[in-house]
$ cat input_7.csv   # CSV, C-alpha atoms
chain,number,residue,atom,x,y,z
A,1,MET,CA,56.8,11.3,-0.7
A,2,VAL,CA,56.3,14.6,1.1
A,3,LYS,CA,52.8,14.9,-0.4
A,4,ARG,CA,51.9,11.4,0.9
A,5,THR,CA,53.2,12.1,4.4
A,6,VAL,CA,51.2,15.3,4.6
A,7,PHE,CA,48.1,13.4,3.4
A,8,LEU,CA,48.8,10.8,6.1
A,9,PHE,CA,49.1,13.5,8.7
A,10,ILE,CA,45.7,15.0,7.8
A,11,PHE,CA,43.9,11.7,7.1
A,12,LEU,CA,45.0,10.1,10.4
A,13,PHE,CA,44.2,13.3,12.3
A,14,PHE,CA,40.6,13.3,11.1
A,15,LEU,CA,40.4,9.6,11.7
A,16,ILE,CA,41.4,9.9,15.3
A,17,LEU,CA,39.0,12.8,15.9
A,18,ILE,CA,36.2,10.6,14.5
A,19,GLN,CA,37.4,7.7,16.7
A,20,THR,CA,37.6,9.7,20.0
A,21,SER,CA,34.6,12.0,19.5
A,22,PHE,CA,32.1,10.3,17.2
A,23,LEU,CA,32.5,6.6,17.5
A,24,ALA,CA,32.8,6.8,21.3
A,25,HIS,CA,29.0,7.0,21.4
A,26,PHE,CA,28.6,3.6,19.7
A,27,ALA,CA,30.1,1.5,22.5
A,28,PHE,CA,28.8,-2.0,23.1
A,29,LYS,CA,29.3,-3.1,26.7
A,30,GLY,CA,31.8,-0.3,27.1
A,31,ALA,CA,34.0,-1.3,24.1
A,32,THR,CA,34.1,0.6,20.8
A,33,ILE,CA,35.3,-0.6,17.4
A,34,ASN,CA,38.8,0.9,17.0
A,35,ILE,CA,38.8,1.9,13.3
A,36,PHE,CA,41.9,3.9,13.8
A,37,LEU,CA,44.0,0.9,14.8
A,38,PHE,CA,42.3,-1.2,12.2
A,39,THR,CA,43.2,1.3,9.5
A,40,LEU,CA,46.8,1.4,10.7
A,41,ILE,CA,47.1,-2.3,10.5
A,42,LEU,CA,45.5,-2.4,7.1
A,43,ILE,CA,48.0,0.2,5.8
A,44,CYS,CA,50.8,-1.9,7.2
A,45,LEU,CA,49.5,-5.0,5.6
A,46,PHE,CA,48.7,-3.7,2.1
A,47,SER,CA,50.8,-0.6,1.4
A,48,ARG,CA,53.1,-1.1,-1.5
A,49,GLU,CA,55.9,0.8,0.0
A,50,TYR,CA,57.9,0.0,3.1
A,51,TYR,CA,58.4,3.7,4.0
A,52,PHE,CA,54.6,4.4,3.7
A,53,ALA,CA,53.8,1.6,6.2
A,54,ILE,CA,56.4,2.7,8.7
A,55,THR,CA,55.5,6.4,8.4
A,56,SER,CA,51.8,5.8,8.9
A,57,ALA,CA,52.6,3.7,12.0
A,58,LEU,CA,54.8,6.5,13.3
A,59,ILE,CA,52.1,9.2,12.7
A,60,GLY,CA,49.3,7.0,14.0
A,61,GLY,CA,51.3,6.1,17.1
A,62,PHE,CA,52.0,9.8,17.7
A,63,TYR,CA,48.3,10.7,17.5
A,64,LEU,CA,47.5,7.8,19.8
A,65,ASP,CA,49.9,9.3,22.3
A,66,ILE,CA,48.4,12.7,22.0
A,67,PHE,CA,44.8,11.7,22.2
A,68,SER,CA,45.0,8.8,24.7
A,69,LEU,CA,45.0,10.4,28.1
A,70,GLY,CA,48.0,8.8,29.8
A,71,LYS,CA,47.4,5.1,30.3
A,72,THR,CA,51.1,4.5,30.8
A,73,GLY,CA,52.2,8.0,31.7
A,74,PHE,CA,55.0,7.8,29.2
A,75,PHE,CA,54.5,9.9,26.1
A,76,GLY,CA,55.7,8.0,23.1
A,77,PHE,CA,54.6,4.6,24.3
A,78,TYR,CA,52.0,4.0,21.6
A,79,THR,CA,54.4,5.3,18.9
A,80,LEU,CA,57.0,2.8,19.9
A,81,VAL,CA,54.5,0.0,20.1
A,82,ILE,CA,52.8,0.7,16.8
A,83,VAL,CA,56.1,1.2,14.9
A,84,SER,CA,57.4,-2.1,16.3
A,85,LEU,CA,54.1,-3.7,15.3
A,86,ALA,CA,54.5,-2.3,11.8
A,87,PHE,CA,58.0,-3.7,11.5
A,88,PHE,CA,56.9,-7.0,12.8
A,89,ILE,CA,53.9,-7.2,10.3
A,90,ARG,CA,56.1,-6.4,7.4
A,91,LEU,CA,58.7,-8.9,8.5
A,92,VAL,CA,56.2,-11.7,8.9
A,93,ILE,CA,54.6,-10.9,5.5
A,94,ARG,CA,57.9,-10.8,3.7
A,95,LYS,CA,59.4,-13.9,5.2
A,96,TYR,CA,56.6,-16.3,6.3
A,97,VAL,CA,53.3,-15.5,4.6
A,98,GLN,CA,52.6,-17.2,1.2
A,99,PHE,CA,49.2,-15.7,0.3
A,100,PRO,CA,49.1,-14.5,-3.4
A,101,ILE,CA,47.8,-11.1,-2.3
A,102,PHE,CA,51.0,-10.4,-0.4
A,103,LYS,CA,53.3,-11.4,-3.2
A,104,ARG,CA,53.7,-7.9,-4.3
A,105,ILE,CA,55.0,-6.9,-0.9
A,106,GLN,CA,57.2,-10.0,-0.7
A,107,LYS,CA,59.0,-9.0,-3.9
A,108,GLN,CA,59.9,-5.7,-2.5
A,109,LYS,CA,63.4,-5.2,-1.0
A,110,ASN,CA,63.6,-4.2,2.6
A,111,PRO,CA,65.3,-0.8,2.4
A,112,PHE,CA,66.8,-1.4,5.9
A,113,SER,CA,68.5,-4.7,5.1
A,114,VAL,CA,72.2,-4.5,4.4
B,1,MET,CA,82.2,6.4,6.0
B,2,LYS,CA,79.1,5.3,4.1
B,3,ILE,CA,75.8,5.7,5.9
B,4,THR,CA,73.7,2.6,5.4
B,5,PRO,CA,69.9,2.6,5.6
B,6,LYS,CA,70.2,0.5,8.7
B,7,THR,CA,72.3,3.2,10.4
B,8,LYS,CA,69.8,5.8,9.3
B,9,LEU,CA,67.0,3.8,10.8
B,10,VAL,CA,68.8,3.2,14.2
B,11,ALA,CA,69.6,7.0,14.3
B,12,ALA,CA,66.0,7.9,13.5
B,13,ILE,CA,64.7,5.6,16.3
B,14,LEU,CA,67.2,6.9,18.8
B,15,LEU,CA,66.3,10.5,17.8
B,16,ILE,CA,62.6,9.8,18.3
B,17,VAL,CA,63.1,8.0,21.7
B,18,ALA,CA,65.3,11.0,22.8
B,19,LEU,CA,62.6,13.4,21.7
B,20,PHE,CA,59.9,11.5,23.7
B,21,TYR,CA,62.2,11.3,26.7
B,22,PHE,CA,62.8,15.0,26.5
B,23,LEU,CA,59.1,15.8,26.2
B,24,ASN,CA,58.4,13.5,29.2
B,25,LEU,CA,61.0,15.1,31.4
B,26,ASN,CA,60.9,18.8,30.9
B,27,GLY,CA,57.3,19.7,31.3
B,28,PHE,CA,56.9,20.4,27.5
B,29,LEU,CA,54.3,17.8,27.2
B,30,SER,CA,51.4,19.8,28.7
B,31,PRO,CA,51.6,22.8,26.4
B,32,PHE,CA,52.4,20.4,23.5
B,33,LYS,CA,49.2,18.4,24.1
B,34,ASN,CA,47.2,21.6,24.9
B,35,PHE,CA,48.2,22.9,21.4
B,36,PHE,CA,46.9,19.8,19.7
B,37,TYR,CA,43.7,19.9,21.7
B,38,SER,CA,43.1,23.6,20.8
B,39,ILE,CA,43.3,22.7,17.1
B,40,SER,CA,41.1,19.7,17.4
B,41,SER,CA,38.5,20.8,19.9
B,42,PRO,CA,36.2,22.8,17.6
B,43,ILE,CA,35.9,19.8,15.3
B,44,GLN,CA,35.6,17.4,18.2
B,45,LYS,CA,32.8,19.3,19.8
B,46,ASN,CA,30.8,19.0,16.6
B,47,LEU,CA,31.6,15.4,16.2
B,48,TRP,CA,30.7,14.7,19.9
B,49,ASN,CA,27.2,16.4,19.4
B,50,GLY,CA,26.8,14.5,16.1
B,51,GLY,CA,27.6,11.3,17.8
B,52,ILE,CA,25.0,11.9,20.5
B,53,ASN,CA,22.3,12.6,17.9
B,54,VAL,CA,23.1,9.6,15.7
B,55,SER,CA,23.4,7.2,18.7
B,56,GLN,CA,20.1,8.5,20.1
B,57,PHE,CA,18.4,8.0,16.8
B,58,PHE,CA,19.7,4.4,16.5
B,59,SER,CA,19.0,3.5,20.2
B,60,GLY,CA,15.5,4.8,19.7
B,61,ILE,CA,14.9,2.4,16.9
B,62,LEU,CA,16.6,-0.5,18.7
B,63,ASP,CA,14.7,0.1,22.0
B,64,ALA,CA,11.3,0.6,20.4
B,65,LYS,CA,10.0,-2.8,21.5
B,66,ASN,CA,11.0,-2.3,25.1
B,67,LEU,CA,9.4,1.2,25.2
B,68,LYS,CA,6.0,0.0,26.5
B,69,LYS,CA,7.5,-2.0,29.4
B,70,GLU,CA,9.7,0.9,30.2
B,71,ILE,CA,6.8,3.4,30.3
B,72,ASP,CA,4.9,1.1,32.6
B,73,ASP,CA,7.9,0.7,35.0
B,74,LEU,CA,8.4,4.5,35.0
B,75,ASN,CA,4.8,5.1,35.8
B,76,VAL,CA,5.0,2.8,38.8
B,77,LYS,CA,8.3,4.4,39.9
B,78,ASN,CA,6.7,7.9,39.4
B,79,GLN,CA,3.9,7.0,41.8
B,80,GLU,CA,6.3,5.7,44.4
B,81,LEU,CA,8.4,8.9,44.1
B,82,THR,CA,5.4,11.1,44.4
B,83,ALA,CA,4.5,9.4,47.6
B,84,GLN,CA,8.1,9.8,48.8
B,85,ILE,CA,8.1,13.5,47.9
B,86,ALA,CA,5.0,14.1,50.0
B,87,GLY,CA,6.7,12.6,53.0
B,88,LEU,CA,9.9,14.5,52.3
B,89,GLN,CA,8.2,17.9,52.1
B,90,GLU,CA,7.0,17.4,55.6
B,91,LEU,CA,10.5,16.6,56.7
B,92,LYS,CA,11.9,19.6,54.8
B,93,LYS,CA,9.6,21.9,56.7
B,94,GLU,CA,10.6,20.3,60.0
B,95,ASN,CA,14.3,20.7,59.0
B,96,GLU,CA,13.9,24.4,58.1
B,97,ASN,CA,12.2,25.0,61.4
B,98,LEU,CA,15.0,23.2,63.3
B,99,ARG,CA,17.7,25.2,61.4
B,100,GLN,CA,16.0,28.5,62.3
B,101,ALA,CA,15.7,27.4,65.9
B,102,LEU,CA,19.4,26.4,66.0
B,103,ASN,CA,20.4,29.4,64.0
B,104,LEU,CA,22.2,27.4,61.4
B,105,GLY,CA,23.0,28.7,57.9
B,106,LEU,CA,21.9,26.9,54.8
B,107,GLU,CA,24.0,24.1,53.6
B,108,LYS,CA,26.9,25.4,51.5
B,109,GLU,CA,26.3,24.8,47.8
B,110,PHE,CA,29.1,23.6,45.6
B,111,GLN,CA,31.1,26.0,43.5
B,112,LEU,CA,30.7,24.6,40.0
B,113,LYS,CA,32.5,25.2,36.7
B,114,LEU,CA,30.6,24.2,33.5
B,115,SER,CA,32.6,22.4,30.9
B,116,TYR,CA,32.0,20.7,27.6
B,117,ILE,CA,33.2,17.2,26.7
B,118,THR,CA,35.4,17.1,23.6
B,119,SER,CA,36.5,13.4,23.4
B,120,LYS,CA,36.8,10.0,25.0
B,121,ASP,CA,40.0,8.1,25.4
B,122,ILE,CA,40.3,5.2,23.0
B,123,PHE,CA,41.8,2.8,25.5
B,124,GLU,CA,40.4,3.7,28.8
B,125,ASP,CA,37.5,5.2,30.7
B,126,SER,CA,38.4,8.9,30.7
B,127,LEU,CA,37.1,12.0,29.0
B,128,LEU,CA,38.7,15.3,27.8
B,129,ILE,CA,36.8,18.4,28.8
B,130,GLY,CA,37.3,22.0,27.6
B,131,SER,CA,38.4,23.6,31.0
B,132,GLY,CA,41.9,23.6,32.3
B,133,SER,CA,44.3,25.3,34.8
B,134,LYS,CA,43.4,28.7,33.3
B,135,ASP,CA,39.8,28.1,34.4
B,136,GLY,CA,40.9,27.2,38.0
B,137,ILE,CA,40.7,23.4,37.5
B,138,ASN,CA,43.0,21.4,39.7
B,139,LYS,CA,43.9,17.7,39.8
B,140,GLY,CA,41.5,15.6,41.9
B,141,MET,CA,38.4,17.9,41.7
B,142,PRO,CA,35.2,16.0,41.5
B,143,VAL,CA,33.1,16.0,38.3
B,144,ILE,CA,29.3,15.7,38.2
B,145,THR,CA,26.4,16.1,35.8
B,146,LYS,CA,23.6,18.7,36.1
B,147,GLU,CA,21.5,16.0,37.8
B,148,LYS,CA,24.2,15.6,40.5
B,149,ILE,CA,25.3,12.2,39.2
B,150,LEU,CA,28.9,11.5,40.0
B,151,VAL,CA,31.1,11.3,36.8
B,152,GLY,CA,34.7,11.1,38.1
B,153,ARG,CA,37.6,13.3,39.1
B,154,ILE,CA,40.1,15.4,37.3
B,155,GLY,CA,43.3,13.6,36.2
B,156,GLU,CA,45.8,15.5,34.1
B,157,VAL,CA,45.3,19.2,33.8
B,158,TYR,CA,46.5,21.2,30.8
B,159,ASP,CA,46.1,25.0,30.2
B,160,ASN,CA,42.7,24.9,28.6
B,161,TYR,CA,41.8,21.2,28.9
B,162,SER,CA,41.6,18.5,31.5
B,163,GLN,CA,41.3,14.8,31.7
B,164,VAL,CA,38.4,13.4,33.6
B,165,ILE,CA,39.0,9.9,35.1
B,166,LEU,CA,35.6,8.3,35.1
B,167,ILE,CA,34.5,6.3,38.1
B,168,THR,CA,34.4,3.3,35.9
B,169,ASN,CA,38.1,3.6,35.2
B,170,LYS,CA,40.3,0.9,36.7
B,171,LYS,CA,42.3,3.6,38.5
B,172,SER,CA,39.2,4.8,40.3
B,173,SER,CA,38.3,3.7,43.8
B,174,PHE,CA,36.3,5.6,46.5
B,175,ASP,CA,34.1,5.1,49.5
B,176,SER,CA,30.3,4.8,49.1
B,177,GLN,CA,27.1,4.1,50.8
B,178,ILE,CA,23.9,2.4,50.0
B,179,SER,CA,21.2,5.1,50.2
B,180,GLU,CA,18.8,4.8,53.1
B,181,LYS,CA,20.7,1.9,54.6
B,182,ASP,CA,23.6,1.9,56.9
B,183,ILE,CA,25.8,0.0,54.5
B,184,PHE,CA,29.2,1.2,53.4
B,185,GLY,CA,31.7,-0.1,50.9
B,186,VAL,CA,34.3,0.7,48.4
B,187,VAL,CA,33.3,1.4,44.7
B,188,LYS,CA,36.0,0.3,42.2
B,189,GLY,CA,36.0,0.9,38.5
B,190,GLU,CA,36.4,-2.2,36.3
B,191,GLY,CA,37.0,-0.5,33.0
B,192,ASN,CA,34.7,-0.7,30.0
B,193,ALA,CA,31.9,1.1,31.9
B,194,GLY,CA,31.9,-1.6,34.6
B,195,LEU,CA,31.6,-0.7,38.3
B,196,ARG,CA,31.7,-2.8,41.5
B,197,MET,CA,31.0,-2.2,45.1
B,198,GLU,CA,33.4,-4.2,47.3
B,199,LEU,CA,34.1,-4.7,51.0
B,200,ILE,CA,30.4,-4.8,51.9
B,201,PRO,CA,30.0,-6.5,55.3
B,202,LYS,CA,28.5,-10.0,54.8
B,203,GLU,CA,25.8,-9.7,57.4
B,204,LYS,CA,24.2,-6.6,55.6
B,205,GLU,CA,21.3,-7.2,53.3
B,206,VAL,CA,22.0,-5.7,49.8
B,207,SER,CA,19.5,-6.1,47.1
B,208,PRO,CA,19.3,-5.3,43.4
B,209,GLN,CA,18.0,-1.8,42.6
B,210,ASP,CA,19.4,-0.3,45.8
B,211,ILE,CA,20.8,3.1,45.1
B,212,VAL,CA,24.6,3.8,45.7
B,213,ILE,CA,25.7,7.3,46.7
B,214,SER,CA,29.1,8.8,47.5
B,215,THR,CA,30.3,9.5,51.1
B,216,THR,CA,32.9,11.9,52.5
B,217,ILE,CA,34.8,9.3,54.5
B,218,SER,CA,38.0,9.5,52.4
B,219,ASN,CA,37.2,13.1,51.3
B,220,ILE,CA,37.5,12.4,47.6
B,221,PHE,CA,33.9,13.3,46.6
B,222,PRO,CA,31.2,15.3,48.3
B,223,LYS,CA,28.4,13.4,50.1
B,224,GLY,CA,25.2,12.2,48.5
B,225,LEU,CA,26.2,12.2,44.8
B,226,LEU,CA,24.4,9.5,42.8
B,227,VAL,CA,26.8,6.7,41.7
B,228,GLY,CA,24.4,4.0,40.4
B,229,GLU,CA,22.1,1.2,41.1
B,230,ILE,CA,22.9,-2.3,42.4
B,231,LYS,CA,22.6,-4.7,39.6
B,232,GLU,CA,23.7,-8.0,41.0
B,233,VAL,CA,25.0,-9.1,44.5
B,234,LYS,CA,27.8,-11.6,44.8
B,235,LYS,CA,28.1,-13.5,48.1
B,236,SER,CA,30.6,-16.3,48.7
B,237,ASP,CA,31.2,-18.4,51.7
B,238,LEU,CA,35.0,-18.3,51.0
B,239,GLU,CA,35.2,-14.5,51.1
B,240,PRO,CA,34.9,-12.4,54.2
B,241,TYR,CA,33.0,-9.6,52.4
B,242,GLN,CA,30.3,-9.5,49.7
B,243,SER,CA,30.5,-7.5,46.6
B,244,ALA,CA,27.9,-6.1,44.1
B,245,GLU,CA,27.9,-5.1,40.5
B,246,ILE,CA,26.7,-1.6,39.9
B,247,LYS,CA,24.9,-0.1,36.9
B,248,PRO,CA,26.5,3.4,36.7
B,249,ALA,CA,24.1,6.3,36.6
B,250,PHE,CA,26.3,8.3,34.3
B,251,GLU,CA,26.3,7.5,30.6
B,252,PHE,CA,28.8,9.7,28.7
B,253,LYS,CA,27.1,8.7,25.5
B,254,MET,CA,24.2,11.1,26.2
B,255,ALA,CA,26.1,13.9,27.9
B,256,ASP,CA,27.7,16.9,26.2
B,257,SER,CA,28.5,19.0,29.3
B,258,LEU,CA,29.7,18.4,32.8
B,259,PHE,CA,30.3,20.4,36.0
B,260,VAL,CA,33.6,20.4,37.9
B,261,ILE,CA,33.2,21.0,41.6
B,262,THR,CA,35.9,23.6,42.4
B,263,ASN,CA,35.1,23.8,46.1
B,264,PHE,CA,33.1,21.6,48.4
$ encode --input "input_7.csv" --output "structure tokens"
Amino acid sequence: MVKRTVFLFIFLFFLILIQTSFLAHFAFKGATINIFLFTLILICLFSREYYFAITSALIGGFYLDIFSLGKTGFFGFYTLVIVSLAFFIRLVIRKYVQFPIFKRIQKQKNPFSV
Amino acid sequence: MKITPKTKLVAAILLIVALFYFLNLNGFLSPFKNFFYSISSPIQKNLWNGGINVSQFFSGILDAKNLKKEIDDLNVKNQELTAQIAGLQELKKENENLRQALNLGLEKEFQLKLSYITSKDIFEDSLLIGSGSKDGINKGMPVITKEKILVGRIGEVYDNYSQVILITNKKSSFDSQISEKDIFGVVKGEGNAGLRMELIPKEKEVSPQDIVISTTISNIFPKGLLVGEIKEVKKSDLEPYQSAEIKPAFEFKMADSLFVITNF
């Protein structure tokens, strides 16, 4: 678990650097494809483990707070938004989505349910 | 008492929120962010330059068919500008003579600080540059390119880094003038590289390709910095003023360094 968290820290760090410094040059009408957010959502959708999805959302949100230069003025805004989004995605998949690809996730037990 | 996973989760969330609150309140945020930027800036500088090269390569391929037309347009513009320069050289001589006669010093030049771009914000029109409070950068200082094109102004300042709020940012608004015409207005950023000039008096004649420059009315930017070119004019009988869409002169995609005006 520690190994995977360290991997996430490094992987998402490089991903946000690519997003903010490299992909910024490929804007169309001022907008750029946000592969960072896209990757976070994919991890939340397809990761086997609940903890991995939430941890990646937490680290991803943290990096967004560091590298976005103060849209809201409150540090931690993106972390809270992305983590809430991750919880929401996992909840929707577990309870309401019936696609076979998500069955593996649906079978999992939510570690936070009592 | 048994600690359930739910209790753990609530505790973890509360701890994180408290940590964020603490960082926001106590001025720890600036050195904290500065530390992360120091780690990432060497990589980001290389990525930024790589991005410029790759995007130039692809834009060259994509724009190949428009190249002939562009060359013809530039030739025409070049001839017009050569004619203008000839006229201006005469005026320059006259101006120098008048200055000498009136015993006036030369116009004070800006004090500039060169800085490199390291990254662009994901969600809004702002850049991060590699100069901060240790280099004498302060909030609100204007930022230009080497061609004296207006880029924006300094937002947040860290020890070694600063945020540049681009003129296209929704937070940006400043007074401007249409060059060679006595027309004033307010330029507002629209986000996503969009720029609009508003509050232009209705009776004034504004046309596409007019050049927009900065003024010193509100003392935000120095006078005469290039902002952009009028793209489209919008006039409505229902509104008391007319507005115009501007094509910004600054393109961050092609820039790797900027100048901060530390004194004007």
$ closest_residue --input "input_7.csv" --among "B:Gly185, B:Gly87, B:Gly132, B:Gly194" --to "chain A" --atoms "only C-alpha atoms"
B:Gly194
$ interface_residues --input "input_7.csv" --of "chain A" --to "chain B" --cutoff "6 Å" --atoms "all atoms listed in the file" --output "ChimeraX atom specification"
/A:20-22,25,30-31,68,76,112
$ residues_around --input "input_7.csv" --residues "Gly60 of chain A" --least-positions-apart "2" --cutoff "10 Å" --atoms "only C-alpha atoms" --output "count of residues only"
25
$ atom_distance --input "input_7.csv" --atom1 "atom CA of Phe35 of chain B" --atom2 "atom CA of Gly130 of chain B"
12.6 Å
$ atom_distance --input "input_7.csv" --atom1 "atom CA of Ala24 of chain A" --atom2 "atom CA of Arg4 of chain A"
28.3 Å
$ atom_distance --input "input_7.csv" --atom1 "atom CA of Phe264 of chain B" --atom2 "atom CA of Gln111 of chain B"
6.9 Å
$ closest_residue --input "input_7.csv" --among "B:Asn219, B:Phe57, B:Leu258, B:Ser207" --to "Val233 of chain B" --atoms "all atoms listed in the file"
B:Ser207
$ closest_residue --input "input_7.csv" --among "B:Leu15, B:Tyr116, B:Met141, B:Met197" --to "Pro42 of chain B" --atoms "only C-alpha atoms"
B:Tyr116
$ residues_around --input "input_7.csv" --residues "Lys113 of chain B" --least-positions-apart "5" --cutoff "8 Å" --atoms "only C-alpha atoms" --output "VMD selection string"
chain B and resid 259 to 262
$ closest_residue --input "input_7.csv" --among "A:Val2, A:Ile35, A:Val97, A:Ala53" --to "Leu17 of chain A" --atoms "only C-alpha atoms"
A:Ile35
$ decode --input "input_7.csv" --residues "segment 38-57 of chain A" --atoms "N, CA and C atoms" --output "PDB file, in the first residue's frame"
ATOM      1  N   PHE A  38      -8.610  13.916 -16.238  1.00  0.00           N
ATOM      2  CA  PHE A  38      -9.097  12.747 -16.957  1.00  0.00           C
ATOM      3  C   PHE A  38      -8.523  11.463 -16.329  1.00  0.00           C
ATOM      4  N   THR A  39      -7.215  11.487 -16.032  1.00  0.00           N
ATOM      5  CA  THR A  39      -6.563  10.322 -15.413  1.00  0.00           C
ATOM      6  C   THR A  39      -7.137  10.052 -14.024  1.00  0.00           C
ATOM      7  N   LEU A  40      -7.346  11.136 -13.270  1.00  0.00           N
ATOM      8  CA  LEU A  40      -7.906  10.962 -11.912  1.00  0.00           C
ATOM      9  C   LEU A  40      -9.281  10.303 -11.975  1.00  0.00           C
ATOM     10  N   ILE A  41     -10.089  10.759 -12.929  1.00  0.00           N
ATOM     11  CA  ILE A  41     -11.441  10.190 -13.053  1.00  0.00           C
ATOM     12  C   ILE A  41     -11.360   8.724 -13.478  1.00  0.00           C
ATOM     13  N   LEU A  42     -10.434   8.421 -14.408  1.00  0.00           N
ATOM     14  CA  LEU A  42     -10.267   7.024 -14.839  1.00  0.00           C
ATOM     15  C   LEU A  42      -9.840   6.128 -13.674  1.00  0.00           C
ATOM     16  N   ILE A  43      -8.921   6.639 -12.852  1.00  0.00           N
ATOM     17  CA  ILE A  43      -8.472   5.856 -11.679  1.00  0.00           C
ATOM     18  C   ILE A  43      -9.660   5.604 -10.749  1.00  0.00           C
ATOM     19  N   CYS A  44     -10.450   6.661 -10.527  1.00  0.00           N
ATOM     20  CA  CYS A  44     -11.623   6.513  -9.644  1.00  0.00           C
ATOM     21  C   CYS A  44     -12.624   5.511 -10.215  1.00  0.00           C
ATOM     22  N   LEU A  45     -12.749   5.507 -11.540  1.00  0.00           N
ATOM     23  CA  LEU A  45     -13.721   4.614 -12.174  1.00  0.00           C
ATOM     24  C   LEU A  45     -13.267   3.158 -12.164  1.00  0.00           C
ATOM     25  N   PHE A  46     -11.993   2.931 -12.468  1.00  0.00           N
ATOM     26  CA  PHE A  46     -11.566   1.555 -12.733  1.00  0.00           C
ATOM     27  C   PHE A  46     -10.638   0.927 -11.695  1.00  0.00           C
ATOM     28  N   SER A  47     -10.212   1.688 -10.691  1.00  0.00           N
ATOM     29  CA  SER A  47      -9.304   1.058  -9.731  1.00  0.00           C
ATOM     30  C   SER A  47     -10.041  -0.002  -8.926  1.00  0.00           C
ATOM     31  N   ARG A  48      -9.318  -1.098  -8.662  1.00  0.00           N
ATOM     32  CA  ARG A  48      -9.967  -2.221  -7.965  1.00  0.00           C
ATOM     33  C   ARG A  48     -10.233  -1.880  -6.498  1.00  0.00           C
ATOM     34  N   GLU A  49      -9.311  -1.142  -5.942  1.00  0.00           N
ATOM     35  CA  GLU A  49      -9.432  -0.876  -4.504  1.00  0.00           C
ATOM     36  C   GLU A  49      -9.997   0.502  -4.211  1.00  0.00           C
ATOM     37  N   TYR A  50     -10.826   0.518  -3.217  1.00  0.00           N
ATOM     38  CA  TYR A  50     -11.482   1.759  -2.786  1.00  0.00           C
ATOM     39  C   TYR A  50     -10.435   2.764  -2.296  1.00  0.00           C
ATOM     40  N   TYR A  51      -9.472   2.272  -1.509  1.00  0.00           N
ATOM     41  CA  TYR A  51      -8.446   3.137  -0.923  1.00  0.00           C
ATOM     42  C   TYR A  51      -7.597   3.795  -2.001  1.00  0.00           C
ATOM     43  N   PHE A  52      -7.279   3.006  -3.047  1.00  0.00           N
ATOM     44  CA  PHE A  52      -6.432   3.505  -4.124  1.00  0.00           C
ATOM     45  C   PHE A  52      -7.122   4.676  -4.838  1.00  0.00           C
ATOM     46  N   ALA A  53      -8.428   4.537  -5.067  1.00  0.00           N
ATOM     47  CA  ALA A  53      -9.195   5.592  -5.739  1.00  0.00           C
ATOM     48  C   ALA A  53      -9.213   6.872  -4.904  1.00  0.00           C
ATOM     49  N   ILE A  54      -9.483   6.700  -3.618  1.00  0.00           N
ATOM     50  CA  ILE A  54      -9.578   7.883  -2.741  1.00  0.00           C
ATOM     51  C   ILE A  54      -8.197   8.525  -2.546  1.00  0.00           C
ATOM     52  N   THR A  55      -7.169   7.686  -2.399  1.00  0.00           N
ATOM     53  CA  THR A  55      -5.809   8.230  -2.218  1.00  0.00           C
ATOM     54  C   THR A  55      -5.384   9.007  -3.457  1.00  0.00           C
ATOM     55  N   SER A  56      -5.661   8.451  -4.636  1.00  0.00           N
ATOM     56  CA  SER A  56      -5.262   9.156  -5.855  1.00  0.00           C
ATOM     57  C   SER A  56      -6.011  10.487  -5.973  1.00  0.00           C
ATOM     58  N   ALA A  57      -7.282  10.492  -5.562  1.00  0.00           N
ATOM     59  CA  ALA A  57      -8.055  11.742  -5.591  1.00  0.00           C
ATOM     60  C   ALA A  57      -7.456  12.768  -4.619  1.00  0.00           C
TER      61      ALA A  57
END
